[in-house]
Structures are given as C-alpha cells and as structure tokens.
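Below is one structure, written out as structure tokens, with a few remarks after it.
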Amino acid sequence: MRALLDLILPRECGGCGAQGALWCRRCAGVLSGRPVPVTPRVDPRVPVWALGAHDGPLRSAVVAAKERGRRDLAVPFGVAVAAAVRALREDGEIDPPEFADLVLVPAPSRARAARSRGGDPVLAVAGAASHALAPESVRVEPVLKFAAGVRDSVGLSARSRVENLAGRVWVPPLRDTGRPECVLFVDDVLTTGATAAESVRALSRAGVRVDGVVVITAA
C-alpha cells in the first residue's frame with residue numbers, strides 16, 4: 001500500500017524536495033544543533049534563540065508548513081524545539097523541570113490565515129514539542145490574539161511591522177496558577193522581532209513573565 005501511494009502521491013522532503021521521505025535525514029541534521037542566541041532589530045527584552053538561519057532547507061520547510069499545507073512538518077519542528085528546550089536547561093539558560101513547569105506560548109495568528117492554512121502551524125509545532133517533552137509537565141497556552149486591523153507582515157519594513165502591531169496584540173484574562181512557571185514564546189520565523197516584542201509586552205501586561213523566545217529560523 002505504501003509503495004502504491006508513493007507512486008500516486010510521491011513523498012517529498014519538506015526541506016530539500018528529495019523523494020522518498022517527508023523529512024529526510026540530511027534536513028533533520030540541519031535541525032539537530034543547539035539553539036543559537038540572536039539579536040533581533042526590535043528588542044523583545046528577553047533572550048532569543050533560533051534553531052537555524054532562515055535559508056536553505058529550513059526556509060523551504062517553514063514556507064511549506066505555512067503556505068503549502070505541509071502540516072506533517074510540525075512533528076520534526078516540534079521535536080527540534082523540544083531538543084532546544086532541553087539544551088537551554090542544560091546550559092542553565094532557563095529553569096529545569098524540577099524548579100518550574102514549562103509553558104509554551106505560540107505566536108498569535110490571524111484567524112483568516114489559520115483557516116486558509118488548515119490550522120495554525122505554530123500552534124501545531126508547540127503541541128508537537130509538548131508531546132516530545134513528555135512526561136515532563138508542559139502546557140501549551142495559545143492565549144495571544146491579534147486585534148482587528150493587523151495586516152499580513154510580508155513585505156513590510158521593520159518600522160512598518162512595529163507600527164502594524166503596536167498595541168494590537170492582547171491576552172484575555174488569565175487564571176492564576178499560583179505556581180512558578182518557565183514561559184517561552186514560540187514562533188516559526190523571526191524577521192525583525194516585532195511580533196516577539198509586542199507579544200512579550202502583551203504577556204507582561206497580563207502579568208506573565210516571559211523567560212525567552214524560541215524560533216525555528218531567524219532571518
């Protein structure tokens with residue numbers, strides 16, 4: 001049956017396009033390194049780490065996940081985010097699980113964009129990362145929302161991205177867990193840092209301290 005399906009709908013790597021695998025070993029190796037600290041043009045005032053640069057197979061895979069319906073790529077991306085979390089804990093960058101539960105907050109998504117993509121790809125990545133980190137205590141909290149009037153950021157300059165998002169990311173009232181938590185903001189691409197910065201501010205206004213930002217790729 002698998003061979004027949006491959007003849008009808010050939011499996012193609014989401015990164016390099018190689019036939020025979022949805023995510024090949026070579027592209028998996030690109031995501032296997034430790035997270036790298038980056039300094040975006042718009043400072044979110046918390047540490048930012050990227051799994052890789054926004055080029056080559058990683059760029060192709062992110063675009064495929066966002067624009068071409070490759071929802072299966074959420075799994076390798078999520079596994080890579082989970083590995084990054086473990087590395088950050090080992091390096092003492094974030095609290096280990098014995099000191100704080102982990103909360104992953106995916107970047108906000110415009111409802112229309114999520115519908116056109118068959119779901120929110122960043123939320124799917126956060127969910128896959130949570131699954132990969134089991135049995136640790138990990139929660140995914142998609143609490144960030146865009147207010148009306150936010151445009152698609154593609155093609156906008158750094159200044160325009162900031163103006164587009166200023167005051168337009170919000171968080172509904174949150175329940176008080178009463179427990180120490182390590183909170184990480186998760187996104188697929190960091191271009192200027194405008195989304196991360198406005199999201200961190202929105203969470204801070206809601207009383208949530210963000211410990212860092214983890215993105216799959218950074219431009």
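Please note that chains go A, B, ... in the order of the structure tokens, that every chain numbers its residues from 1, and that ligands are numbered from 1 in the order shown.
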
- Using DSSP on the backbone coordinates, identify the residues of segment 6-181 of chain A assigned to alpha helix (DSSP H); present them as JSON, numbers by chain. {"A": [6, 7, 8, 25, 26, 27, 28, 29, 30, 56, 57, 58, 59, 60, 61, 62, 63, 64, 65, 66, 67, 74, 75, 76, 77, 78, 79, 80, 81, 82, 83, 84, 85, 86, 87, 88, 89, 90, 111, 112, 113, 114, 115, 116, 121, 122, 123, 124, 125, 126, 127, 128, 129, 130, 131, 132, 133, 158, 159, 160, 161, 162, 163, 164, 165]}

- Message: Let me make sure I understand: among A:Val81, A:Leu203, A:Val63, A:Pro172, which one has the smallest atom-to-atom distance to Ala50 of chain A if we use only C-alpha atoms?
- Response: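 For Ala50 of chain A, the nearest of the given residues is A:Val81.
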
Just the residues within 9 Å of Cys16 of chain A, please, counting only C-alpha atoms, with nothing from its chain fewer than 4 positions along; format it as a PDB file with C-alpha atoms, in the first residue's frame.
```
ATOM      1  CA  GLU A  12       8.812  14.628  -0.873  1.00  0.00           C
ATOM      2  CA  TRP A  23      11.641  14.811   6.164  1.00  0.00           C
ATOM      3  CA  CYS A  24      14.990  13.378   5.119  1.00  0.00           C
ATOM      4  CA  ARG A  26      20.042  15.423   5.831  1.00  0.00           C
ATOM      5  CA  CYS A  27      17.444  18.068   6.654  1.00  0.00           C
ATOM      6  CA  GLY A  56      18.220  26.697   2.564  1.00  0.00           C
ATOM      7  CA  PRO A  57      16.120  23.683   3.563  1.00  0.00           C
ATOM      8  CA  LEU A  58      14.875  25.286   6.780  1.00  0.00           C
ATOM      9  CA  SER A  60      11.826  25.849   2.383  1.00  0.00           C
ATOM     10  CA  ALA A  61      10.343  23.743   5.164  1.00  0.00           C
TER      11      ALA A  61
END
```

- Task: May I have the residues within 8 Å of Val200 of chain A as an MDAnalysis selection string, using only C-alpha atoms and disregarding those fewer than 4 positions away in the same chain?
- Result: chainID A and resid 44 185 196 204 210

- Message: So that I can see what lies close to Asp55 of chain A, please list as a VMD selection string the residues with an atom at most 9 Å from it, counting only C-alpha atoms and leaving out residues fewer than 6 positions away in the same chain.
- Response: chain A and resid 217 to 219

- Task: Determine, counting only C-alpha atoms, which protein, DNA and RNA residues have an atom within 10 Å of an atom of segment 84-101 of chain A; residues of the same chain fewer than 5 positions away are not included. Present the result as a ChimeraX atom specification.
- Result: /A:31-36,47,49-51,78-79,129,133,136-139,179-184,211-212,214-216

With N, CA, C and O atoms retained, export the selected residues as a short mmCIF file (atom, residue, chain, number, x, y, z; two decimals), in the first residue's frame.
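Saved file again-v1.cif follows:
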```
data_model
loop_
_atom_site.label_atom_id
_atom_site.label_comp_id
_atom_site.auth_asym_id
_atom_site.auth_seq_id
_atom_site.Cartn_x
_atom_site.Cartn_y
_atom_site.Cartn_z
N LEU A 31 18.57 20.57 11.72
CA LEU A 31 17.85 20.98 12.92
C LEU A 31 18.40 20.37 14.20
O LEU A 31 17.82 20.57 15.26
N SER A 32 19.48 19.63 14.10
CA SER A 32 19.95 18.88 15.26
C SER A 32 20.93 19.65 16.14
O SER A 32 21.33 19.16 17.19
N GLY A 33 21.33 20.85 15.72
CA GLY A 33 22.29 21.62 16.51
C GLY A 33 21.66 22.28 17.72
O GLY A 33 20.43 22.28 17.89
N ARG A 34 22.48 22.88 18.56
CA ARG A 34 21.98 23.57 19.74
C ARG A 34 21.42 24.94 19.33
O ARG A 34 21.86 25.52 18.33
N PRO A 35 20.46 25.44 20.07
CA PRO A 35 19.89 26.75 19.74
C PRO A 35 20.93 27.85 19.82
O PRO A 35 21.80 27.84 20.70
N VAL A 36 20.84 28.81 18.90
CA VAL A 36 21.82 29.89 18.81
C VAL A 36 21.18 31.20 19.26
O VAL A 36 20.08 31.55 18.81
N PRO A 47 15.83 37.00 26.29
CA PRO A 47 16.72 36.26 25.39
C PRO A 47 15.96 35.62 24.23
O PRO A 47 14.82 35.19 24.37
N TRP A 49 16.44 32.76 21.01
CA TRP A 49 17.25 31.68 20.43
C TRP A 49 16.58 31.17 19.17
O TRP A 49 15.36 31.09 19.07
N ALA A 50 17.42 30.82 18.18
CA ALA A 50 16.92 30.27 16.92
C ALA A 50 17.53 28.89 16.69
O ALA A 50 18.67 28.62 17.09
N LEU A 51 16.76 28.02 16.04
CA LEU A 51 17.27 26.70 15.72
C LEU A 51 18.15 26.72 14.48
O LEU A 51 18.94 25.82 14.25
N GLY A 78 8.58 20.37 16.01
CA GLY A 78 8.29 20.26 17.44
C GLY A 78 9.36 19.48 18.19
O GLY A 78 9.75 19.84 19.30
N VAL A 79 9.84 18.40 17.58
CA VAL A 79 10.91 17.61 18.20
C VAL A 79 12.17 18.47 18.35
O VAL A 79 12.87 18.40 19.36
N ALA A 129 6.02 19.81 20.26
CA ALA A 129 7.11 19.97 21.23
C ALA A 129 6.67 19.50 22.60
O ALA A 129 7.43 18.82 23.32
N LEU A 133 8.33 16.40 24.81
CA LEU A 133 8.92 16.62 26.13
C LEU A 133 8.27 15.76 27.21
O LEU A 133 8.73 15.74 28.35
N GLU A 136 7.36 15.21 31.05
CA GLU A 136 7.52 16.45 31.81
C GLU A 136 6.21 17.24 31.81
O GLU A 136 5.35 17.06 30.95
N SER A 137 6.09 18.13 32.79
CA SER A 137 4.90 18.96 32.88
C SER A 137 5.04 20.14 31.92
O SER A 137 5.78 21.08 32.18
N VAL A 138 4.34 20.07 30.79
CA VAL A 138 4.40 21.11 29.77
C VAL A 138 2.98 21.46 29.35
O VAL A 138 2.16 20.58 29.09
N ARG A 139 2.70 22.76 29.29
CA ARG A 139 1.40 23.22 28.81
C ARG A 139 1.59 24.11 27.59
O ARG A 139 2.56 24.87 27.53
N ARG A 179 1.71 28.92 40.71
CA ARG A 179 2.90 28.07 40.71
C ARG A 179 3.97 28.72 39.85
O ARG A 179 3.67 29.37 38.85
N PRO A 180 5.24 28.53 40.22
CA PRO A 180 6.31 29.08 39.39
C PRO A 180 6.35 28.36 38.04
O PRO A 180 6.25 27.15 37.97
N GLU A 181 6.47 29.11 36.95
CA GLU A 181 6.47 28.53 35.63
C GLU A 181 7.56 29.17 34.78
O GLU A 181 7.90 30.34 34.95
N CYS A 182 8.08 28.38 33.87
CA CYS A 182 9.01 28.88 32.86
C CYS A 182 8.22 29.08 31.58
O CYS A 182 7.62 28.12 31.06
N VAL A 183 8.18 30.29 31.08
CA VAL A 183 7.35 30.62 29.93
C VAL A 183 8.23 30.94 28.73
O VAL A 183 9.11 31.80 28.81
N LEU A 184 7.99 30.25 27.61
CA LEU A 184 8.72 30.50 26.38
C LEU A 184 7.74 30.87 25.28
O LEU A 184 6.73 30.18 25.07
N ASP A 211 10.35 34.08 29.83
CA ASP A 211 11.75 33.77 30.07
C ASP A 211 12.60 33.79 28.80
O ASP A 211 13.82 33.89 28.88
N GLY A 212 11.96 33.68 27.66
CA GLY A 212 12.74 33.69 26.43
C GLY A 212 11.86 33.43 25.21
O GLY A 212 10.67 33.11 25.33
N VAL A 214 11.86 31.30 21.50
CA VAL A 214 12.47 30.24 20.70
C VAL A 214 11.80 30.23 19.33
O VAL A 214 10.57 30.13 19.24
N VAL A 215 12.61 30.37 18.28
CA VAL A 215 12.07 30.36 16.92
C VAL A 215 12.78 29.28 16.12
O VAL A 215 13.91 28.88 16.43
N ILE A 216 12.10 28.79 15.10
CA ILE A 216 12.72 27.77 14.25
C ILE A 216 13.82 28.38 13.40
O ILE A 216 14.93 27.87 13.33
#
```

- Item | Atom pair atom CA of Ala21 of chain A / atom CA of Pro135 of chain A: separation (Å) | 28.3 Å

- Message: If I take atom CA of Val150 of chain A and atom CA of Gly14 of chain A, how far is one from the other in Å, to one decimal?
- Response: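 About the pair atom CA of Val150 of chain A and atom CA of Gly14 of chain A: they are 29.1 Å apart.
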